[in-house]
>>> print(open('final_31.cif').read())   # mmCIF, C-alpha atoms
data_work
#
loop_
_atom_site.label_atom_id
_atom_site.label_comp_id
_atom_site.auth_asym_id
_atom_site.auth_seq_id
_atom_site.Cartn_x
_atom_site.Cartn_y
_atom_site.Cartn_z
CA MET O 25 15.40 -8.13 39.45
CA LYS O 26 12.30 -8.45 37.30
CA LYS O 27 13.04 -8.87 33.62
CA THR O 28 11.88 -5.80 31.70
CA TYR O 29 12.34 -4.48 28.20
CA LYS O 30 15.76 -3.93 26.80
CA LYS O 31 16.79 -0.29 27.25
CA THR O 32 16.30 1.55 23.99
CA SER O 33 17.22 5.18 23.54
CA ILE O 34 14.81 7.61 25.17
CA ILE O 35 14.24 9.45 21.90
CA SER O 36 12.79 6.41 20.09
CA ARG O 37 10.75 5.46 23.18
CA CYS O 38 9.17 8.91 23.52
CA ALA O 39 8.59 9.11 19.76
CA SER O 40 6.82 5.74 19.74
CA ASP O 41 4.67 6.79 22.72
CA LEU O 42 3.72 9.96 20.89
CA PHE O 43 2.98 8.47 17.46
CA LEU O 44 1.39 5.15 18.45
CA PRO O 45 -2.12 6.54 19.23
CA LEU O 46 -1.92 8.85 16.23
CA ALA O 47 -1.13 5.94 13.90
CA CYS O 48 -3.97 3.83 15.31
CA VAL O 49 -6.54 6.64 15.14
CA PHE O 50 -5.53 7.64 11.60
CA GLY O 51 -5.74 4.03 10.39
CA CYS O 52 -9.20 3.59 11.92
CA TYR O 53 -10.27 6.89 10.33
CA VAL O 54 -9.17 5.68 6.89
CA VAL O 55 -11.03 2.37 7.36
CA LEU O 56 -14.27 3.97 8.58
CA HIS O 57 -14.30 6.68 5.90
CA GLY O 58 -13.50 4.26 3.08
CA SER O 59 -16.97 4.70 1.59
CA THR O 60 -16.66 8.43 0.95
CA SER O 61 -12.95 9.15 0.61
CA PRO O 62 -9.90 7.67 -1.05
CA GLY O 63 -8.48 4.73 0.86
CA GLY O 64 -10.56 1.92 2.25
CA GLY O 65 -10.25 -1.29 4.17
CA PHE O 66 -6.91 -2.55 2.91
CA GLN O 67 -4.99 0.72 3.18
CA GLY O 68 -6.38 1.61 6.60
CA GLY O 69 -5.67 -1.89 7.90
CA VAL O 70 -2.04 -1.63 6.82
CA LEU O 71 -1.79 1.79 8.52
CA VAL O 72 -3.03 0.33 11.82
CA ALA O 73 -0.75 -2.70 11.48
CA SER O 74 2.26 -0.44 11.05
CA ALA O 75 1.80 0.60 14.70
CA ILE O 76 3.55 -2.64 15.74
CA LEU O 77 6.76 -1.32 14.21
CA LEU O 78 6.53 1.69 16.52
CA VAL O 79 6.15 -0.70 19.48
CA TYR O 80 9.22 -2.58 18.25
CA LEU O 81 11.24 0.61 17.89
CA GLY O 82 10.32 1.80 21.35
CA TYR O 83 10.30 -1.37 23.45
CA GLY O 84 12.12 -4.00 21.41
CA GLY O 85 11.15 -7.63 20.88
CA TRP O 86 10.12 -7.98 24.55
CA GLY O 87 7.41 -5.33 24.17
CA VAL O 88 6.06 -6.90 20.99
CA LYS O 89 6.00 -10.37 22.55
CA HIS O 90 4.15 -9.20 25.66
CA SER O 91 1.57 -6.91 24.06
CA PHE O 92 0.35 -8.98 21.06
CA ASN O 93 -1.16 -12.44 20.88
CA GLU O 94 -0.22 -14.00 17.55
CA HIS O 95 -2.71 -16.88 17.68
CA MET O 96 -5.63 -14.61 18.48
CA LEU O 97 -4.64 -12.35 15.58
CA HIS O 98 -4.47 -15.29 13.18
CA SER O 99 -7.90 -16.57 14.22
CA SER O 100 -9.49 -13.11 14.15
CA GLU O 101 -8.32 -12.85 10.57
CA THR O 102 -10.46 -15.88 9.77
CA VAL O 103 -13.36 -14.40 11.76
CA ALA O 104 -13.19 -11.26 9.61
CA GLU O 105 -13.23 -13.32 6.42
CA ILE O 106 -16.31 -15.20 7.67
CA MET O 107 -17.95 -11.85 8.47
CA TYR O 108 -17.32 -10.68 4.90
CA VAL O 109 -18.75 -13.83 3.33
CA VAL O 110 -21.83 -13.84 5.61
CA ILE O 111 -22.64 -10.17 4.97
CA ALA O 112 -22.24 -10.72 1.23
CA LEU O 113 -24.31 -13.94 1.27
CA VAL O 114 -27.33 -12.36 3.00
CA GLY O 115 -27.93 -10.57 -0.30
CA VAL O 116 -28.28 -13.97 -1.98
CA PHE O 117 -30.73 -15.21 0.65
CA THR O 118 -32.95 -12.13 0.21
CA GLY O 119 -33.26 -12.94 -3.49
CA LEU O 120 -30.70 -10.49 -4.88
CA ASN O 121 -27.13 -10.85 -6.09
CA PHE O 122 -23.98 -11.59 -4.13
CA CYS O 123 -22.51 -8.46 -2.46
CA VAL O 124 -25.63 -6.38 -3.16
CA ASN O 125 -27.09 -3.69 -0.93
CA PHE O 126 -30.14 -5.18 0.80
CA VAL O 127 -30.96 -3.35 4.04
CA PHE O 128 -31.17 0.36 3.34
CA ALA O 129 -32.51 0.20 -0.20
CA GLY O 130 -32.53 3.57 -1.91
CA GLN O 131 -30.56 5.40 0.77
CA GLN O 132 -27.03 6.73 0.88
CA VAL O 133 -26.08 4.02 3.37
CA ASP O 134 -24.64 0.81 2.05
CA THR O 135 -24.08 -2.65 3.47
CA SER O 136 -20.75 -2.73 1.67
CA ILE O 137 -19.56 -0.34 4.41
CA LEU O 138 -19.79 -3.34 6.78
CA MET O 139 -17.86 -5.42 4.26
CA ASN O 140 -15.27 -2.64 4.09
CA ASP O 141 -14.90 -2.77 7.89
CA ALA O 142 -14.53 -6.56 7.74
CA VAL O 143 -11.74 -6.24 5.17
CA GLY O 144 -10.06 -3.59 7.32
CA TYR O 145 -10.16 -5.87 10.38
CA HIS O 146 -8.87 -8.77 8.29
CA VAL O 147 -5.91 -6.85 6.87
CA MET O 148 -5.12 -5.30 10.26
CA ALA O 149 -4.90 -8.71 11.95
CA GLY O 150 -3.13 -10.39 9.03
CA ILE O 151 -0.37 -7.83 8.49
CA THR O 152 0.20 -7.55 12.25
CA CYS O 153 0.62 -11.34 12.41
CA LEU O 154 3.07 -11.22 9.50
CA LEU O 155 5.13 -8.43 11.09
CA ILE O 156 5.23 -10.28 14.44
CA MET O 157 6.63 -13.36 12.71
CA MET O 158 9.27 -11.33 10.84
CA LEU O 159 10.31 -9.49 14.01
CA SER O 160 10.55 -12.77 15.95
CA VAL O 161 12.93 -14.11 13.27
CA LEU O 162 15.04 -10.97 13.68
CA GLU O 163 15.17 -11.46 17.46
CA ASP O 164 16.21 -15.12 17.11
CA ASP O 165 19.06 -14.19 14.81
CA ARG O 166 20.28 -11.57 17.24
CA ASP O 167 20.14 -14.02 20.18
CA GLU O 168 22.09 -16.63 18.24
CA THR O 169 24.77 -14.14 17.23
CA THR O 170 25.18 -12.94 20.82
CA LYS O 171 25.39 -16.56 21.98
CA ASP O 172 28.04 -17.31 19.37
CA LYS O 173 30.03 -14.31 20.53
CA GLU O 174 29.78 -15.48 24.14
CA GLU O 175 30.94 -18.94 23.11
CA ASP O 176 33.87 -17.46 21.22
CA ALA O 177 34.78 -15.38 24.24
CA ALA O 178 34.56 -18.45 26.50
CA MET H 150 -4.83 -41.97 -0.67
CA SER H 151 -7.76 -44.34 -0.27
CA GLY H 152 -10.22 -45.31 -3.00
CA THR H 153 -13.17 -43.26 -1.78
CA LYS H 154 -10.99 -40.17 -1.51
CA LYS H 155 -9.89 -40.65 -5.12
CA VAL H 156 -13.50 -41.05 -6.27
CA VAL H 157 -14.60 -37.89 -4.42
CA LEU H 158 -11.67 -35.93 -5.85
CA ALA H 159 -12.42 -37.12 -9.39
CA LEU H 160 -16.12 -36.28 -9.02
CA THR H 161 -15.29 -32.78 -7.73
CA LEU H 162 -12.91 -32.12 -10.58
CA VAL H 163 -15.43 -33.38 -13.14
CA VAL H 164 -18.18 -31.15 -11.70
CA LEU H 165 -15.88 -28.09 -11.67
CA LEU H 166 -14.73 -28.78 -15.23
CA GLY H 167 -18.31 -29.28 -16.39
CA CYS H 168 -19.39 -25.98 -14.81
CA GLY H 169 -16.51 -24.19 -16.50
CA VAL H 170 -17.23 -25.65 -19.90
CA TRP H 171 -20.95 -24.90 -19.58
CA ALA H 172 -20.28 -21.28 -18.56
CA GLY H 173 -17.84 -20.83 -21.44
CA TRP H 174 -20.37 -22.27 -23.90
CA ARG H 175 -23.11 -19.96 -22.59
CA MET H 176 -20.83 -16.92 -22.74
CA ALA H 177 -19.74 -17.74 -26.29
CA GLY H 178 -23.40 -17.86 -27.36
CA SER H 179 -24.44 -14.57 -25.70
CA PRO H 180 -24.09 -11.21 -27.49
CA PRO H 181 -20.95 -9.18 -26.69
CA THR H 182 -21.37 -6.53 -23.99
CA TYR H 183 -18.62 -4.26 -25.30
CA ASN H 184 -17.46 -3.74 -28.86
CA GLY H 185 -15.71 -0.38 -28.47
CA GLU H 186 -17.51 1.32 -31.36
CA ASP H 187 -18.43 4.58 -29.60
CA VAL H 188 -15.21 5.02 -27.65
CA ASP H 189 -12.77 7.66 -28.92
CA LEU H 190 -9.60 7.39 -26.85
CA VAL H 191 -7.86 10.37 -28.49
CA GLU H 192 -10.84 12.61 -27.75
CA LEU H 193 -10.97 11.32 -24.15
CA TYR H 194 -7.27 12.01 -23.66
CA GLU H 195 -7.34 15.50 -25.14
CA ASN H 196 -10.63 16.84 -23.71
CA PRO H 197 -11.58 14.69 -20.72
CA SER H 198 -13.99 17.27 -19.27
CA SER H 199 -16.10 17.61 -22.42
CA TYR H 200 -16.10 13.92 -23.37
CA ASP H 201 -19.55 12.57 -24.17
CA ASN H 202 -20.02 9.25 -22.40
CA SER H 203 -23.81 8.98 -22.77
CA SER H 204 -23.54 6.70 -25.80
CA ALA H 205 -20.83 4.43 -24.39
CA ASP H 206 -21.72 0.77 -24.09
CA GLY H 207 -20.71 -2.11 -21.90
CA ALA H 208 -20.30 -2.74 -18.20
CA ALA H 209 -18.21 0.39 -17.60
CA ALA H 210 -21.05 2.65 -18.75
CA ILE H 211 -23.49 0.80 -16.46
CA MET H 212 -21.13 1.21 -13.51
CA VAL H 213 -20.70 4.94 -14.09
CA ASN H 214 -24.21 5.97 -15.15
CA GLU H 215 -26.43 3.72 -12.99
CA ASN H 216 -24.24 3.53 -9.90
CA LEU H 217 -26.63 5.31 -7.53
CA GLU H 218 -29.74 3.37 -8.55
CA LYS H 219 -27.98 0.03 -8.40
CA THR H 220 -25.85 0.28 -5.25
CA ALA H 221 -26.82 3.49 -3.37
CA ALA H 222 -23.11 4.20 -2.80
CA ASP H 223 -21.90 7.72 -3.48
CA ASN H 224 -18.33 6.66 -4.31
CA VAL H 225 -17.94 4.87 -7.62
CA VAL H 226 -14.58 3.27 -6.78
CA PHE H 227 -16.00 1.94 -3.51
CA SER H 228 -19.09 0.52 -5.19
CA VAL H 229 -16.96 -1.15 -7.87
CA VAL H 230 -14.68 -2.78 -5.30
CA PHE H 231 -17.38 -3.96 -2.89
CA ASN H 232 -20.52 -4.34 -5.05
CA PHE H 233 -19.75 -5.01 -8.70
CA ARG H 234 -16.51 -6.86 -7.98
CA GLY H 235 -17.30 -8.33 -4.57
CA TYR H 236 -16.06 -11.78 -5.57
CA ASP H 237 -12.72 -10.21 -6.47
CA THR H 238 -12.29 -8.64 -3.03
CA MET H 239 -13.22 -11.94 -1.37
CA GLY H 240 -10.59 -13.84 -3.38
CA GLU H 241 -8.05 -11.16 -2.53
CA SER H 242 -8.62 -11.67 1.19
CA PHE H 243 -8.38 -15.45 0.76
CA ILE H 244 -5.02 -14.94 -0.95
CA LEU H 245 -3.89 -12.86 2.03
CA ILE H 246 -4.95 -15.67 4.42
CA ALA H 247 -3.06 -18.25 2.34
CA ALA H 248 0.08 -16.10 2.21
CA ILE H 249 0.11 -15.52 5.96
CA ALA H 250 -0.56 -19.20 6.74
CA GLY H 251 2.32 -20.20 4.45
CA SER H 252 4.79 -17.77 5.97
CA LEU H 253 3.61 -18.88 9.44
CA VAL H 254 4.55 -22.48 8.60
CA ILE H 255 7.97 -21.54 7.19
CA LEU H 256 8.99 -19.11 9.94
CA ARG H 257 7.79 -21.38 12.76
CA LYS H 258 10.02 -24.19 11.50
CA SER H 259 13.09 -21.95 11.79
CA ALA H 260 12.05 -21.06 15.37
CA HIS H 261 11.91 -24.80 16.24
CA HIS H 262 15.37 -25.29 14.79
CA GLY H 263 16.69 -22.61 17.10
CA LYS H 264 15.19 -24.36 20.13
CA LYS H 265 16.69 -27.70 19.06
CA GLU H 266 20.11 -26.13 18.82
CA GLU H 267 19.69 -24.74 22.31
CA HIS H 268 18.84 -28.21 23.66
CA SER H 269 21.81 -29.84 21.98
CA HIS H 270 24.03 -27.13 23.34
CA GLU H 271 22.80 -27.77 26.88
CA GLU H 272 23.34 -31.52 26.47
CA ASN H 273 26.89 -30.95 25.33
CA VAL H 274 27.59 -28.83 28.39
#
>>> encode(input="final_31.cif", output="structure tokens")
Amino acid sequence: MKKTYKKTSIISRCASDLFLPLACVFGCYVVLHGSTSPGGGFQGGVLVASAILLVYLGYGGWGVKHSFNEHMLHSSETVAEIMYVVIALVGVFTGLNFCVNFVFAGQQVDTSILMNDAVGYHVMAGITCLLIMMLSVLEDDRDETTKDKEEDAA
Amino acid sequence: MSGTKKVVLALTLVVLLGCGVWAGWRMAGSPPTYNGEDVDLVELYENPSSYDNSSADGAAAIMVNENLEKTAADNVVFSVVFNFRGYDTMGESFILIAAIAGSLVILRKSAHHGKKEEHSHEENV
């Protein structure tokens, strides 16, 4: 038989299926509207990253391991940081200050919106990576304890 | 550590220290941007809606009064975080990267230990 996820209770699985898209969409909304409303990149990124806990509740460590790539998340964090620094440095190369608005001068549109999105991407990838590591430690502990119990029984 | 590495490290530290000392000397010579003469905290606490902030001085008054001309952002908090204090946000994200890299190192080591124990267990069997 093919190895599938450990059977969790149907209530937590259905709840995670229901709330997972809502959590992702609400987090992206907070990131994208950071320029006009309370919130911003960091808070919205953490909201999106919390979706991994719903995956863990619904499908266990197997689901987390098979739906997220930890190395890609860690490198995309660096990519987001480079995006932030490049967008901020273009202001220096156009003869203005660091982090200054340079494209749409005099309009209600700001280049710091792009920097806000970069920070949101960065926090999203970083906190997801952190949660994956913590959940993997939890899974290891559980495996070891079950093994110990089996050894004791043997 | 080889000799050239030591020389490069010493040169870097000397340059950084020199920049810091020069910046501190320049800042000590410049006039103060904020002396708190026109700020009445009791008045601000009791009647915040009718507080007169037109005569306030310093960087805070610039941020509040000339926000639209300087940054074209309609949210003052947003413009402070990403325009006036952009360096701060950048350092914050670097701190996040460092924290996650550090916890990655620590937690991966424990995962390796678990694998080693598995191997030894198999060998014993």
>>> closest_residue(input="final_31.cif", among="O:Gly87, O:Gly68, O:Gly51, O:Gly58", to="chain H", atoms="all atoms listed in the file")
O:Gly58
>>> residues_near_point(input="final_31.cif", point="(-27.0, -10.1, -6.1)", cutoff="12 Å", atoms="only C-alpha atoms", output="ChimeraX atom specification")
/O:111-126 /H:219-220,231-236
>>> atom_distance(input="final_31.cif", atom1="CA of Ser136 (chain O)", atom2="CA of Val110 (chain O)")
11.8 Å
>>> resolve_selection(input="final_31.cif", expression="the PyMOL selection byres ((chain H and resi 226) around 12)", output="list of chain:residue names")
O:Gly58, O:Ser59, O:Thr60, O:Ser61, O:Pro62, O:Gly63, O:Gly64, H:Ala209, H:Met212, H:Val213, H:Asn216, H:Thr220, H:Ala222, H:Asp223, H:Asn224, H:Val225, H:Phe227, H:Ser228, H:Val229, H:Val230, H:Phe231, H:Asn232, H:Phe233, H:Arg234
>>> closest_residue(input="final_31.cif", among="O:Ile137, O:Ala73, O:Val161, O:Val109", to="Ile255 (chain H)", atoms="only C-alpha atoms")
O:Val161
>>> atom_distance(input="final_31.cif", atom1="CA of Ala247 (chain H)", atom2="CA of Asp141 (chain O)")
20.3 Å
>>> atom_distance(input="final_31.cif", atom1="CA of Val49 (chain O)", atom2="CA of Leu71 (chain O)")
9.5 Å
>>> closest_residue(input="final_31.cif", among="O:Thr135, O:His98, O:Asp41, O:Val72", to="Val55 (chain O)", atoms="only C-alpha atoms")
O:Val72
>>> residues_near_point(input="final_31.cif", point="(3.2, -17.8, 6.2)", cutoff="12 Å", atoms="only C-alpha atoms", output="list in words")
His98, Gly150, Ile151, Cys153, Leu154, Leu155, Ile156, Met157 and Met158 of chain O; Ile244, Leu245, Ile246, Ala247, Ala248, Ile249, Ala250, Gly251, Ser252, Leu253, Val254, Ile255, Leu256, Arg257 and Lys258 of chain H
>>> write_last_selection(input="final_31.cif", atoms="C-alpha atoms", output="mmCIF file, in the frame of the given file")
data_model
loop_
_atom_site.group_PDB
_atom_site.id
_atom_site.type_symbol
_atom_site.label_atom_id
_atom_site.label_comp_id
_atom_site.auth_asym_id
_atom_site.auth_seq_id
_atom_site.Cartn_x
_atom_site.Cartn_y
_atom_site.Cartn_z
ATOM 1 C CA HIS O 98 -4.470 -15.290 13.180
ATOM 2 C CA GLY O 150 -3.130 -10.390 9.030
ATOM 3 C CA ILE O 151 -0.370 -7.830 8.490
ATOM 4 C CA CYS O 153 0.620 -11.340 12.410
ATOM 5 C CA LEU O 154 3.070 -11.220 9.500
ATOM 6 C CA LEU O 155 5.130 -8.430 11.090
ATOM 7 C CA ILE O 156 5.230 -10.280 14.440
ATOM 8 C CA MET O 157 6.630 -13.360 12.710
ATOM 9 C CA MET O 158 9.270 -11.330 10.840
ATOM 10 C CA ILE H 244 -5.020 -14.940 -0.950
ATOM 11 C CA LEU H 245 -3.890 -12.860 2.030
ATOM 12 C CA ILE H 246 -4.950 -15.670 4.420
ATOM 13 C CA ALA H 247 -3.060 -18.250 2.340
ATOM 14 C CA ALA H 248 0.080 -16.100 2.210
ATOM 15 C CA ILE H 249 0.110 -15.520 5.960
ATOM 16 C CA ALA H 250 -0.560 -19.200 6.740
ATOM 17 C CA GLY H 251 2.320 -20.200 4.450
ATOM 18 C CA SER H 252 4.790 -17.770 5.970
ATOM 19 C CA LEU H 253 3.610 -18.880 9.440
ATOM 20 C CA VAL H 254 4.550 -22.480 8.600
ATOM 21 C CA ILE H 255 7.970 -21.540 7.190
ATOM 22 C CA LEU H 256 8.990 -19.110 9.940
ATOM 23 C CA ARG H 257 7.790 -21.380 12.760
ATOM 24 C CA LYS H 258 10.020 -24.190 11.500
#
>>> closest_residue(input="final_31.cif", among="O:His90, O:Tyr145, O:Leu77, O:Glu101", to="Leu159 (chain O)", atoms="all atoms listed in the file")
O:Leu77
>>> closest_residue(input="final_31.cif", among="O:His146, O:Arg37, O:Lys31, O:Lys89", to="Val103 (chain O)", atoms="all atoms listed in the file")
O:His146
>>> residues_around(input="final_31.cif", residues="Glu163 (chain O)", least_positions_apart="6", cutoff="10 Å", atoms="all atoms listed in the file", output="MDAnalysis selection string")
chainID O and resid 84:86 157 169
>>> write_last_selection(input="final_31.cif", atoms="C-alpha atoms", output="PDB file, keeping the file's coordinate frame")
ATOM      1  CA  GLY O  84      12.120  -4.000  21.410  1.00  0.00           C
ATOM      2  CA  GLY O  85      11.150  -7.630  20.880  1.00  0.00           C
ATOM      3  CA  TRP O  86      10.120  -7.980  24.550  1.00  0.00           C
ATOM      4  CA  MET O 157       6.630 -13.360  12.710  1.00  0.00           C
ATOM      5  CA  THR O 169      24.770 -14.140  17.230  1.00  0.00           C
TER       6      THR O 169
END
>>> closest_residue(input="final_31.cif", among="H:Thr238, H:Ala221, H:Gly152, H:Tyr200", to="chain O", atoms="all atoms listed in the file")
H:Ala221
>>> residues_around(input="final_31.cif", residues="Phe43 (chain O)", least_positions_apart="4", cutoff="9 Å", atoms="only C-alpha atoms", output="number ranges by chain")
O: 38-39, 47-48, 75, 78
